[in-house]
Every structure is written in C-alpha cells, then in structure tokens.
>>> print(open('coords.txt').read())   # compact mmCIF, C-alpha atoms
# COMPACT_ATOMS: atom_id res chain seq x y z
CA MET A 550 31.50 139.66 94.42
CA LYS A 551 33.88 139.31 91.49
CA THR A 552 35.82 136.13 91.00
CA ASN A 553 39.57 136.46 90.67
CA LEU A 554 39.83 134.31 87.46
CA PRO A 555 43.53 134.98 86.69
CA PHE A 556 44.40 134.02 90.24
CA ILE A 557 42.52 130.71 89.94
CA GLN A 558 44.15 129.90 86.57
CA LYS A 559 47.62 130.86 87.76
CA ASN A 560 47.38 128.78 90.91
CA MET A 561 45.46 125.83 89.47
CA LYS A 562 48.37 123.41 89.86
CA LYS A 563 48.99 124.58 93.40
CA PHE A 564 45.35 123.94 94.30
CA ILE A 565 45.60 120.42 92.94
CA LEU A 566 48.89 119.70 94.69
CA LEU A 567 47.69 121.08 98.00
CA PHE A 568 44.37 119.31 97.77
CA GLY A 569 45.89 115.97 96.73
CA LEU A 570 48.89 116.15 99.10
CA PRO A 571 47.01 114.85 102.17
CA LEU A 572 45.78 111.89 100.18
CA VAL A 573 49.29 111.11 99.01
CA LEU A 574 50.58 111.41 102.52
CA ILE A 575 47.84 109.09 103.74
CA SER A 576 48.66 106.50 101.06
CA CYS A 577 52.36 106.71 101.90
CA GLY A 578 51.90 107.31 105.65
CA GLY A 579 54.09 106.24 108.49
CA ASP A 580 54.63 102.73 109.67
CA ALA A 581 52.29 103.19 112.59
CA GLU A 582 49.21 103.91 110.44
CA THR A 583 49.53 102.34 107.00
CA LYS A 584 52.08 100.01 105.47
CA SER A 585 54.00 101.27 102.46
CA ILE A 586 53.66 99.63 99.01
CA ASP A 587 57.09 98.04 99.35
CA GLU A 588 56.17 96.52 102.70
CA VAL A 589 52.90 95.15 101.32
CA LEU A 590 54.68 93.60 98.32
CA GLU A 591 57.39 92.09 100.54
CA SER A 592 54.73 90.46 102.67
CA GLU A 593 53.52 88.45 99.62
CA ASP A 594 50.10 88.44 101.26
CA LEU A 595 47.55 88.48 98.42
CA SER A 596 44.77 89.92 100.58
CA GLN A 597 46.97 92.81 101.73
CA ILE A 598 48.10 93.53 98.17
CA ARG A 599 44.52 93.62 96.91
CA ALA A 600 43.45 95.83 99.81
CA LYS A 601 46.31 98.25 99.07
CA LYS A 602 45.36 98.38 95.39
CA SER A 603 41.71 99.07 96.28
CA GLU A 604 42.80 101.84 98.66
CA LEU A 605 44.93 103.58 96.01
CA SER A 606 42.21 103.19 93.35
CA THR A 607 39.72 104.93 95.65
CA GLU A 608 42.17 107.76 96.25
CA GLN A 609 42.80 108.07 92.51
CA ALA A 610 39.08 108.30 91.79
CA GLN A 611 38.66 110.99 94.45
CA ILE A 612 41.49 113.05 92.98
CA ALA A 613 40.09 112.69 89.44
CA GLU A 614 36.65 113.80 90.66
CA GLN A 615 38.12 116.86 92.32
CA ILE A 616 40.10 117.78 89.20
CA ASP A 617 36.90 117.51 87.15
CA ARG A 618 35.17 119.88 89.56
CA LEU A 619 37.97 122.38 89.15
CA ASP A 620 37.77 122.02 85.35
CA GLU A 621 34.03 122.72 85.47
CA ALA A 622 34.68 125.86 87.47
CA ILE A 623 37.26 127.02 84.93
CA LYS A 624 34.84 126.39 82.07
CA LYS A 625 32.18 128.54 83.69
CA LEU A 626 34.53 131.37 84.59
CA ASP A 627 36.88 131.44 81.57
CA LYS A 628 34.98 132.87 78.63
CA ASN A 629 38.10 132.73 76.45
CA ARG A 630 39.09 129.19 77.34
CA ARG A 631 41.11 127.22 74.81
CA MET A 632 39.40 124.07 73.53
CA ASP A 633 41.00 121.13 71.72
CA LEU A 634 40.75 121.36 67.93
CA VAL A 635 39.47 118.26 66.13
CA ASN A 636 38.45 117.15 62.66
CA VAL A 637 34.95 115.84 62.08
CA HIS A 638 33.15 113.81 59.43
CA THR A 639 29.40 113.52 58.85
CA ILE A 640 28.44 109.85 58.64
CA GLN A 641 26.57 108.80 55.50
CA ASP A 642 25.19 105.47 54.30
CA THR A 643 27.46 103.96 51.68
CA LEU A 644 28.22 100.78 49.75
CA PHE A 645 30.86 98.71 51.52
CA LYS A 646 32.79 95.97 49.76
CA HIS A 647 35.36 93.75 51.39
CA TYR A 648 38.01 92.00 49.33
CA ALA A 649 40.18 89.05 50.23
CA GLU A 650 43.61 89.24 48.60
CA VAL A 651 45.62 86.32 47.20
CA GLN A 652 48.95 86.38 45.44
CA GLY A 653 49.28 85.07 41.90
CA ASN A 654 51.54 85.01 38.86
CA VAL A 655 51.03 86.26 35.33
CA ALA A 656 51.09 83.45 32.78
CA THR A 657 50.28 82.64 29.18
CA ASP A 658 49.70 79.36 27.40
CA GLU A 659 51.60 80.75 24.39
CA ASN A 660 55.05 80.72 25.96
CA ILE A 661 57.00 77.78 24.57
CA ILE A 662 60.47 76.57 23.68
CA ILE A 663 60.77 75.14 20.18
CA TYR A 664 62.74 71.89 19.74
CA PRO A 665 63.91 70.38 16.44
CA GLU A 666 62.04 67.45 14.89
CA PHE A 667 64.94 66.39 12.67
CA SER A 668 68.60 65.62 13.30
CA GLY A 669 71.13 67.67 11.41
CA ILE A 670 73.04 70.93 11.16
CA LEU A 671 71.02 74.07 11.94
CA THR A 672 71.25 76.27 8.87
CA ASP A 673 69.68 79.51 7.69
CA VAL A 674 68.54 81.00 11.02
CA ARG A 675 66.23 83.81 9.88
CA VAL A 676 65.20 85.58 13.11
CA ASN A 677 66.81 87.48 15.96
CA GLU A 678 65.75 88.07 19.55
CA GLY A 679 62.89 90.56 19.76
CA ASP A 680 61.58 89.90 16.23
CA MET A 681 57.83 89.72 15.78
CA VAL A 682 56.79 86.61 13.87
CA SER A 683 53.54 85.33 12.39
CA LYS A 684 52.07 81.87 12.73
CA GLY A 685 53.72 79.52 10.20
CA GLN A 686 56.65 81.86 9.49
CA VAL A 687 59.96 80.08 8.79
CA LEU A 688 62.42 80.61 11.65
CA ALA A 689 65.27 78.35 10.49
CA ARG A 690 66.13 75.28 8.45
CA ILE A 691 67.98 72.08 9.27
CA ASP A 692 70.22 70.38 6.69
CA ASP A 693 68.22 67.48 5.19
CA GLY A 694 71.22 65.24 4.56
CA GLY A 695 70.29 64.49 0.94
CA LEU A 696 66.58 63.89 1.43
CA GLN A 697 65.74 66.42 -1.26
CA ASN A 698 67.62 64.43 -3.91
CA GLU A 699 66.01 61.22 -2.73
CA LEU A 700 62.63 62.87 -3.00
CA ALA A 701 63.34 63.97 -6.58
CA GLN A 702 64.17 60.38 -7.56
CA LEU A 703 61.02 59.02 -5.89
CA GLU A 704 58.88 61.64 -7.60
CA ALA A 705 60.31 60.61 -10.98
CA GLN A 706 59.51 56.97 -10.25
CA GLU A 707 56.05 57.99 -9.09
CA ARG A 708 55.36 59.82 -12.36
CA LEU A 709 56.42 56.76 -14.37
CA ALA A 710 54.33 54.46 -12.20
CA LYS A 711 51.35 56.77 -12.62
CA THR A 712 51.67 56.68 -16.42
CA THR A 713 51.97 52.90 -16.41
CA TYR A 714 48.96 52.54 -14.13
CA GLU A 715 46.79 54.86 -16.24
CA ARG A 716 47.64 52.91 -19.43
CA GLN A 717 46.91 49.56 -17.79
CA GLU A 718 43.65 50.97 -16.50
CA ARG A 719 42.53 52.03 -19.97
CA LEU A 720 43.50 48.64 -21.42
CA TRP A 721 41.69 46.80 -18.65
CA GLU A 722 38.56 48.85 -19.33
CA GLN A 723 38.80 47.62 -22.98
CA ASN A 724 39.27 44.04 -21.77
CA ILE A 725 42.86 44.04 -23.05
CA GLY A 726 45.58 42.52 -20.91
CA SER A 727 45.35 40.58 -17.69
CA GLU A 728 43.90 41.72 -14.36
CA MET A 729 47.17 40.91 -12.69
CA GLN A 730 49.06 43.43 -14.81
CA TYR A 731 46.47 46.07 -13.93
CA LEU A 732 46.66 45.34 -10.18
CA GLN A 733 50.47 45.32 -10.15
CA ALA A 734 50.59 48.72 -11.86
CA LYS A 735 48.07 50.13 -9.40
CA THR A 736 49.89 48.77 -6.35
CA ASN A 737 53.25 50.05 -7.56
CA TYR A 738 51.86 53.51 -8.14
CA GLU A 739 50.14 53.69 -4.75
CA SER A 740 53.28 52.45 -2.98
CA LEU A 741 55.42 55.14 -4.61
CA GLN A 742 52.81 57.76 -3.73
CA SER A 743 53.02 56.72 -0.08
CA SER A 744 56.84 56.86 -0.14
CA VAL A 745 56.81 60.36 -1.67
CA ASN A 746 54.37 61.64 0.95
CA ARG A 747 56.40 60.11 3.77
CA LEU A 748 59.60 61.71 2.48
CA LYS A 749 57.87 65.07 2.07
CA SER A 750 56.74 64.82 5.69
CA GLN A 751 60.31 64.20 6.79
CA LEU A 752 61.58 67.11 4.73
CA ASP A 753 58.91 69.36 6.26
CA LYS A 754 60.44 68.66 9.68
CA THR A 755 63.69 70.25 8.50
CA VAL A 756 61.88 73.59 8.35
CA VAL A 757 61.34 75.24 11.76
CA ARG A 758 58.16 77.36 11.80
CA ALA A 759 56.47 79.61 14.36
CA PRO A 760 53.54 77.72 15.97
CA PHE A 761 51.71 81.00 16.69
CA SER A 762 52.15 84.73 16.23
CA GLY A 763 54.34 86.34 18.87
CA VAL A 764 57.82 87.60 19.64
CA VAL A 765 61.11 85.72 19.56
CA ASP A 766 62.20 86.06 23.17
CA ASP A 767 65.39 84.02 22.88
CA VAL A 768 67.50 82.45 20.12
CA ILE A 769 69.03 79.54 22.03
CA SER A 770 70.91 77.55 19.34
CA GLU A 771 73.21 79.23 16.87
CA GLN A 772 73.49 78.62 13.17
CA GLY A 773 75.90 75.75 12.39
CA GLU A 774 75.14 73.70 15.50
CA VAL A 775 74.17 70.04 15.22
CA VAL A 776 70.74 69.57 16.72
CA ASN A 777 68.69 66.53 17.66
CA PRO A 778 64.98 66.05 18.40
CA GLY A 779 64.06 66.52 22.07
CA GLN A 780 67.62 67.49 23.05
CA ASN A 781 68.52 70.90 21.68
CA GLN A 782 66.43 74.00 22.36
CA LEU A 783 66.15 76.31 19.35
CA PHE A 784 63.96 79.31 20.16
CA ARG A 785 61.62 80.66 22.82
CA ILE A 786 58.45 82.20 21.36
CA ILE A 787 56.04 84.23 23.52
CA SER A 788 52.70 85.79 22.71
CA LEU A 789 51.61 88.65 25.00
CA ASP A 790 48.08 88.78 23.63
CA ASN A 791 46.31 86.15 25.74
CA MET A 792 47.60 86.80 29.25
CA TYR A 793 46.04 85.63 32.50
CA VAL A 794 46.81 85.56 36.22
CA GLU A 795 46.73 82.24 38.06
CA ALA A 796 46.50 81.95 41.83
CA ASP A 797 45.82 79.44 44.60
CA VAL A 798 42.76 80.30 46.71
CA PRO A 799 41.93 78.78 50.14
CA GLU A 800 39.19 76.18 49.91
CA ASN A 801 36.87 78.11 52.28
CA TYR A 802 36.17 80.46 49.36
CA LEU A 803 34.71 77.69 47.19
CA SER A 804 31.14 78.77 47.89
CA LYS A 805 31.92 82.41 47.08
CA ILE A 806 33.81 81.94 43.80
CA SER A 807 32.69 80.60 40.45
CA LYS A 808 33.44 81.13 36.79
CA GLY A 809 32.47 84.71 35.97
CA THR A 810 32.95 86.14 39.49
CA GLU A 811 34.19 89.73 39.27
CA VAL A 812 37.61 90.43 40.76
CA LYS A 813 40.28 93.12 40.77
CA VAL A 814 43.82 92.38 39.63
CA ASN A 815 46.69 94.60 40.74
CA ILE A 816 50.13 94.31 39.11
CA GLY A 817 52.41 96.45 41.22
CA SER A 818 55.44 96.34 38.93
CA VAL A 819 53.58 98.29 36.24
CA GLY A 820 51.37 100.24 38.65
CA ARG A 821 48.09 99.09 37.11
CA GLU A 822 44.85 97.59 38.42
CA PHE A 823 42.33 95.81 36.22
CA GLU A 824 38.77 94.70 36.74
CA GLY A 825 38.19 91.24 35.39
CA LYS A 826 36.28 88.00 35.77
CA ILE A 827 37.38 84.54 36.77
CA SER A 828 37.75 82.56 33.57
CA GLN A 829 38.52 79.17 35.12
CA VAL A 830 38.07 77.52 38.51
CA GLY A 831 40.01 74.38 39.33
CA ASN A 832 38.16 71.23 40.40
CA ASN A 833 41.01 69.84 42.46
CA ILE A 834 41.90 70.74 46.06
CA ASN A 835 45.63 70.65 46.72
CA PRO A 836 45.99 68.42 49.83
CA ASN A 837 49.26 70.10 50.81
CA ASN A 838 47.90 73.63 51.28
CA ARG A 839 44.11 73.15 50.95
CA THR A 840 43.77 75.50 47.97
CA PHE A 841 42.30 75.40 44.48
CA ARG A 842 43.50 77.10 41.30
CA ILE A 843 41.78 80.02 39.56
CA GLU A 844 42.61 81.98 36.40
CA VAL A 845 41.70 85.57 35.52
CA ALA A 846 42.22 86.95 32.01
CA VAL A 847 43.91 90.38 31.92
CA PRO A 848 44.16 92.85 29.02
CA ASN A 849 47.59 93.71 27.66
CA GLU A 850 47.10 96.29 24.93
CA LYS A 851 50.50 97.97 25.42
CA GLY A 852 52.44 94.77 26.12
CA LEU A 853 53.50 95.94 29.60
CA ILE A 854 52.45 92.72 31.28
CA LYS A 855 54.97 89.89 31.09
CA PRO A 856 54.87 86.23 32.13
CA ASN A 857 55.85 85.47 35.74
CA GLN A 858 55.11 88.98 37.04
CA ILE A 859 53.65 88.99 40.56
CA ALA A 860 49.99 90.00 40.77
CA THR A 861 47.45 90.45 43.56
CA ILE A 862 43.91 89.21 43.01
CA LYS A 863 41.22 90.89 45.10
CA LEU A 864 38.19 88.66 45.62
CA ASN A 865 34.94 90.37 46.65
CA ASP A 866 33.85 88.10 49.53
CA TYR A 867 31.45 90.51 51.29
CA THR A 868 29.16 93.36 50.17
CA SER A 869 26.86 95.54 52.30
CA GLU A 870 24.57 98.21 50.94
CA ASN A 871 23.64 101.29 53.02
CA ALA A 872 26.49 100.49 55.40
CA ILE A 873 27.93 102.79 58.07
CA VAL A 874 31.65 103.05 57.28
CA ILE A 875 34.20 105.14 59.17
CA PRO A 876 38.03 105.43 59.19
CA GLU A 877 39.58 102.57 61.14
CA SER A 878 41.85 105.06 62.92
CA SER A 879 38.77 106.54 64.65
CA ILE A 880 38.27 103.35 66.69
CA GLN A 881 39.73 103.20 70.19
CA LYS A 882 39.76 100.49 72.86
CA ASN A 883 38.71 101.17 76.46
CA ALA A 884 39.82 99.29 79.56
CA GLN A 885 36.98 96.76 79.13
CA GLY A 886 38.14 95.94 75.60
CA GLU A 887 35.16 97.67 73.99
CA ASN A 888 35.43 99.57 70.72
CA ILE A 889 34.61 103.24 71.22
CA VAL A 890 34.38 106.36 69.07
CA TYR A 891 33.53 109.96 69.81
CA VAL A 892 30.71 111.85 68.15
CA LEU A 893 30.10 115.57 68.32
CA GLU A 894 26.94 117.12 69.70
CA GLN A 895 27.02 120.50 68.03
CA GLU A 896 25.77 123.63 69.78
CA ASN A 897 23.66 125.52 67.25
CA ASP A 898 25.68 126.52 64.18
CA LYS A 899 28.87 127.28 66.07
CA ASN A 900 32.14 125.53 65.40
CA PHE A 901 32.29 123.85 68.78
CA GLY A 902 30.35 121.25 70.66
CA VAL A 903 30.53 118.43 73.19
CA ALA A 904 32.30 115.13 72.54
CA LYS A 905 30.24 112.06 73.45
CA LYS A 906 31.68 108.58 73.81
CA VAL A 907 29.84 105.82 71.92
CA VAL A 908 30.45 102.07 72.19
CA VAL A 909 30.21 100.47 68.74
CA GLU A 910 30.10 96.98 67.26
CA THR A 911 32.48 96.66 64.33
CA GLY A 912 32.50 94.53 61.19
CA LEU A 913 35.10 93.93 58.49
CA VAL A 914 37.99 96.23 57.63
CA TYR A 915 39.20 97.11 54.14
CA ASN A 916 41.48 99.88 52.88
CA ASP A 917 41.64 101.57 56.32
CA SER A 918 37.83 101.71 56.49
CA ILE A 919 35.72 99.70 58.93
CA GLU A 920 32.03 98.85 58.88
CA ILE A 921 30.02 99.72 62.00
CA LYS A 922 27.30 97.19 62.75
CA LYS A 923 25.79 98.93 65.80
CA GLY A 924 26.22 102.21 67.65
CA LEU A 925 26.25 104.84 64.90
CA GLU A 926 23.66 106.21 62.52
CA SER A 927 23.69 108.19 59.31
CA GLY A 928 23.82 111.95 59.94
CA GLN A 929 25.87 111.80 63.15
CA ILE A 930 29.09 113.82 63.29
CA LEU A 931 32.12 111.63 63.93
CA ILE A 932 35.27 113.05 65.50
CA THR A 933 38.23 111.73 63.50
CA ASP A 934 41.59 113.48 64.03
CA GLY A 935 42.15 114.49 67.63
CA ALA A 936 39.75 111.95 69.14
CA LYS A 937 42.49 110.21 71.11
CA ASN A 938 43.22 113.33 73.16
CA ILE A 939 39.69 114.02 74.40
CA ARG A 940 37.30 112.48 76.91
CA ASP A 941 33.58 112.01 77.24
CA GLY A 942 31.72 115.28 77.77
CA GLN A 943 34.64 117.52 76.79
CA GLU A 944 33.98 120.65 74.77
CA VAL A 945 35.94 120.81 71.53
CA LYS A 946 36.31 123.02 68.50
CA PHE A 947 36.21 121.62 64.98
CA ARG A 948 37.28 122.79 61.57
CA LYS A 949 34.38 123.69 59.31
>>> encode(input="coords.txt", output="structure tokens")
Amino acid sequence: MKTNLPFIQKNMKKFILLFGLPLVLISCGGDAETKSIDEVLESEDLSQIRAKKSELSTEQAQIAEQIDRLDEAIKKLDKNRRMDLVNVHTIQDTLFKHYAEVQGNVATDENIIIYPEFSGILTDVRVNEGDMVSKGQVLARIDDGGLQNELAQLEAQERLAKTTYERQERLWEQNIGSEMQYLQAKTNYESLQSSVNRLKSQLDKTVVRAPFSGVVDDVISEQGEVVNPGQNQLFRIISLDNMYVEADVPENYLSKISKGTEVKVNIGSVGREFEGKISQVGNNINPNNRTFRIEVAVPNEKGLIKPNQIATIKLNDYTSENAIVIPESSIQKNAQGENIVYVLEQENDKNFGVAKKVVVETGLVYNDSIEIKKGLESGQILITDGAKNIRDGQEVKFRK
C-alpha cells in the first residue's frame, strides 16, 4: 500500500492541532472538571499552583513526544526532505595563550622643561619649535650683566699674579728672598685662579644648552624677556628614541610577572602592536588600588609614538599546549546551566550527518576563543554556525 506523502506533509499542522486539541481542552476544561490557570493563581494556594504546573508540563511533554514521532515518520517517507544547513570545523590540538590586559601610558625619561640658571634678559634665541638639536647645542643666551668684562679684568690680574708667583718660586729655590714673600705670591695667585673659575662658571650659566639630543617641542619664553632661575620656563625638549609604556598591574599578578617577562603592547592611536619584555617591575604596592608599576620598552623607529599616548599591555598569564580551542560563540547554555555544543556524526563521505549534543567543561576565554577542558577531543567535527537552531539527534547538512 502506497503512502500518501504529499497529503501527510500538507496536513501536518492539522494533525498536530487535532491531536493536541483534546489536551488543550483538558488543561483549560470547564469549572466542573479542572480549575483554570486564573482560578488557581487567584487561590494563592501553593500546592494547587504546583500541581497545575506539573499537569501542564506533562501535557507539554506528551505533545512534544507526538511531534517527534510525526517528524520521524516524515524523515522516513520524505526522500527529498530539507535539512538545516550548518558550518562545521574539525577540532585540532593547538597552543592556547591567555592574556590579561591592563591600560598604560607612553612615557619617556627624556621629556623635560628647561629653566634658566641665571637672571637676566633672554637674548639670542637660536631654535624654533620642531627643530632637532644635539646634546650640548646652544639654544639661547642670557645677558650676563657685565660679567664678561669682570672676567677679563680678573684674568689680567691672574696672569700678573702667576708671573709674580713664578719669579718668587725661582728666587726661593735659589735661597733668595724670604719664605713669606714666596707664600704670599702663591696664595694671591691661587685666590685669583679660584675667582676666575667661579666667574667662568657663572658665565657658563648664561648659555642655555640642550641636555640631550631630541626635538624642541615648545619655545615657551620669547627673546627679550627677563628670566629668573626656577621661575621662567624656556624650552621643552623631547627625545623619542627611548620610549616605554608604564602601567599599574593588580598585585595578584606578582607571581606571574618579573623583569624580562614577554608581553604584547598595543597602541591603538597608531594601529600598531609590539612584542616586548618588561624592563622594570616596581617594588612598591600602591595601598589605594593594590597595584604595582611596570615598564615596557617600545621601539619607535619612525617617531610615531608620542608621550602620553594610551597603550594596552597584554600580559601572558596562562599557556596550555595541545589545548582544545573552539569559537566561544559555539557554546550554549541548557536549562540546567550546563555548557553544551553540538558535534556532527558524519554519514560516510556525504555532506550531511546527525547532530549530537555534548556537555563540555570550559576554561579561559581570549579573542573570542575558549579552551575546552573536558567533553571534546581532537578530530571531532564541531558545528559552529547554525548550532543554535538544531537539537540533539537532528539530521543536518554542512558546507564542505
């Protein structure tokens, strides 16, 4: 006897409605047989409410079982049935690294503001903003207020005192003259030498020099201004050669971080990520936020990295070799709160198979990937896209 397949497919919904209608009528029956849901809720009787819930759950399970039986019949009779299309991924052992991320700032020790060391009028400013300068290069001069003339006079007196001292020394060596004359000449000469050196030191402070090689980021005081030590800012000099990122790390990472630990540094504003090593670990725990300071040197060949840029430091706090790693989006939660995935049991070499539900134990997550501790093995076929629309035991097609 031939089965009327089109008739069954066409009237599938009617079968379900007709079959389930008595159950619905029973659950919502008249007052004489069964109380309605509204009446049970109005009674505020916990035992009645629980009994009603149990009754409806039983009816729901019966209907679901009957629908499954109808689905099985359709599968057997419909040779051209349409199966859900899914994407699959063959699980392989891989190296899994987890990184903890902390925010930091780009800094450099060679970023200073130059102040004058001498009071006077700022004269002969020789640099502009953006100029590259070398260590020791003259940036500006401050009027010496006549110190140069005073130095010339002292140097003349020093030369005379030197000549006098040398003559007295020769005479003393020949036992001519008194020792007192020799000592006075020597003392006078040494005193003038000290005065000349002191004045030269003062004059040297009237010359403003670059303390290191870098770029003039800002010319703060203009030529002609009166400047004083510790009060007026003259220039800002920055070197972009020795840059580093500093960050505060929670103290629970103390055992995992030391000088030389490899990290990744991402600077979003320039779209670059560097691999580096921790160059310094602080020895002090900040009591306010329970963190310690670290520094990571970063290369800056093209000068794109600037002080005070925001950076992200990725600290490798967990590594697992031969790990089972899958996309985090493949994980689902069931009613019991368990983590589940679906794997494909392939039928021969065809592009379809049966989806099987697997409960898994998960580990850490990083970059949308999650480590699976238990439940999956290398070589299994994981259903990725489309897994949320299927159920255990369902036949599905997959893209090869």
>>> residues_around(input="coords.txt", residues="Glu850 (chain A)", least_positions_apart="4", cutoff="12 Å", atoms="only C-alpha atoms", output="list in words")
Leu789, Asp790, Asn791, Met792, Ile854 and Lys855 of chain A
>>> residues_around(input="coords.txt", residues="region 758-774 of chain A", least_positions_apart="4", cutoff="6 Å", atoms="all atoms listed in the file", output="JSON, numbers by chain")
{"A": [670, 671, 672, 674, 678, 679, 680, 681, 682, 683, 684, 685, 686, 687, 688, 783, 784, 785, 786, 787, 788]}
>>> residues_around(input="coords.txt", residues="region 880-888 of chain A", least_positions_apart="3", cutoff="8 Å", atoms="only C-alpha atoms", output="ChimeraX atom specification")
/A:876-877,908-911,937
>>> atom_distance(input="coords.txt", atom1="CA of Arg708 (chain A)", atom2="CA of Arg690 (chain A)")
28.1 Å
>>> atom_distance(input="coords.txt", atom1="CA of Asn865 (chain A)", atom2="CA of Leu913 (chain A)")
12.4 Å
>>> closest_residue(input="coords.txt", among="A:Ala689, A:Ile662, A:Ala600, A:Ala734", to="Ala710 (chain A)", atoms="all atoms listed in the file")
A:Ala734
>>> residues_around(input="coords.txt", residues="region 793-800 of chain A", least_positions_apart="6", cutoff="6 Å", atoms="only C-alpha atoms", output="JSON, numbers by chain")
{"A": [653, 654, 655, 656, 839, 840, 841, 842, 843, 844, 845, 846, 847]}
>>> atom_distance(input="coords.txt", atom1="CA of Val812 (chain A)", atom2="CA of Leu864 (chain A)")
5.2 Å
>>> closest_residue(input="coords.txt", among="A:Glu722, A:Asp633, A:Glu666, A:Glu704", to="Gln782 (chain A)", atoms="only C-alpha atoms")
A:Glu666
>>> closest_residue(input="coords.txt", among="A:Leu732, A:Leu748, A:Leu720, A:Val637", to="Thr933 (chain A)", atoms="only C-alpha atoms")
A:Val637
>>> closest_residue(input="coords.txt", among="A:Thr712, A:Asn815, A:Gln929, A:Gln641", to="Ala904 (chain A)", atoms="all atoms listed in the file")
A:Gln929
>>> closest_residue(input="coords.txt", among="A:Thr713, A:Asn838, A:Ser603, A:Ser828", to="Lys735 (chain A)", atoms="all atoms listed in the file")
A:Thr713
>>> residues_near_point(input="coords.txt", point="(36.1, 82.2, 37.9)", cutoff="6 Å", atoms="only C-alpha atoms", output="short mmCIF file (atom, residue, chain, number, x, y, z; two decimals) with C-alpha atoms, in the frame of the given file")
data_model
loop_
_atom_site.label_atom_id
_atom_site.label_comp_id
_atom_site.auth_asym_id
_atom_site.auth_seq_id
_atom_site.Cartn_x
_atom_site.Cartn_y
_atom_site.Cartn_z
CA SER A 807 32.69 80.60 40.45
CA LYS A 808 33.44 81.13 36.79
CA GLY A 809 32.47 84.71 35.97
CA THR A 810 32.95 86.14 39.49
CA ILE A 827 37.38 84.54 36.77
CA SER A 828 37.75 82.56 33.57
CA GLN A 829 38.52 79.17 35.12
CA VAL A 830 38.07 77.52 38.51
#
>>> closest_residue(input="coords.txt", among="A:Ala613, A:Ile816, A:Leu634, A:Leu590", to="Arg948 (chain A)", atoms="only C-alpha atoms")
A:Leu634
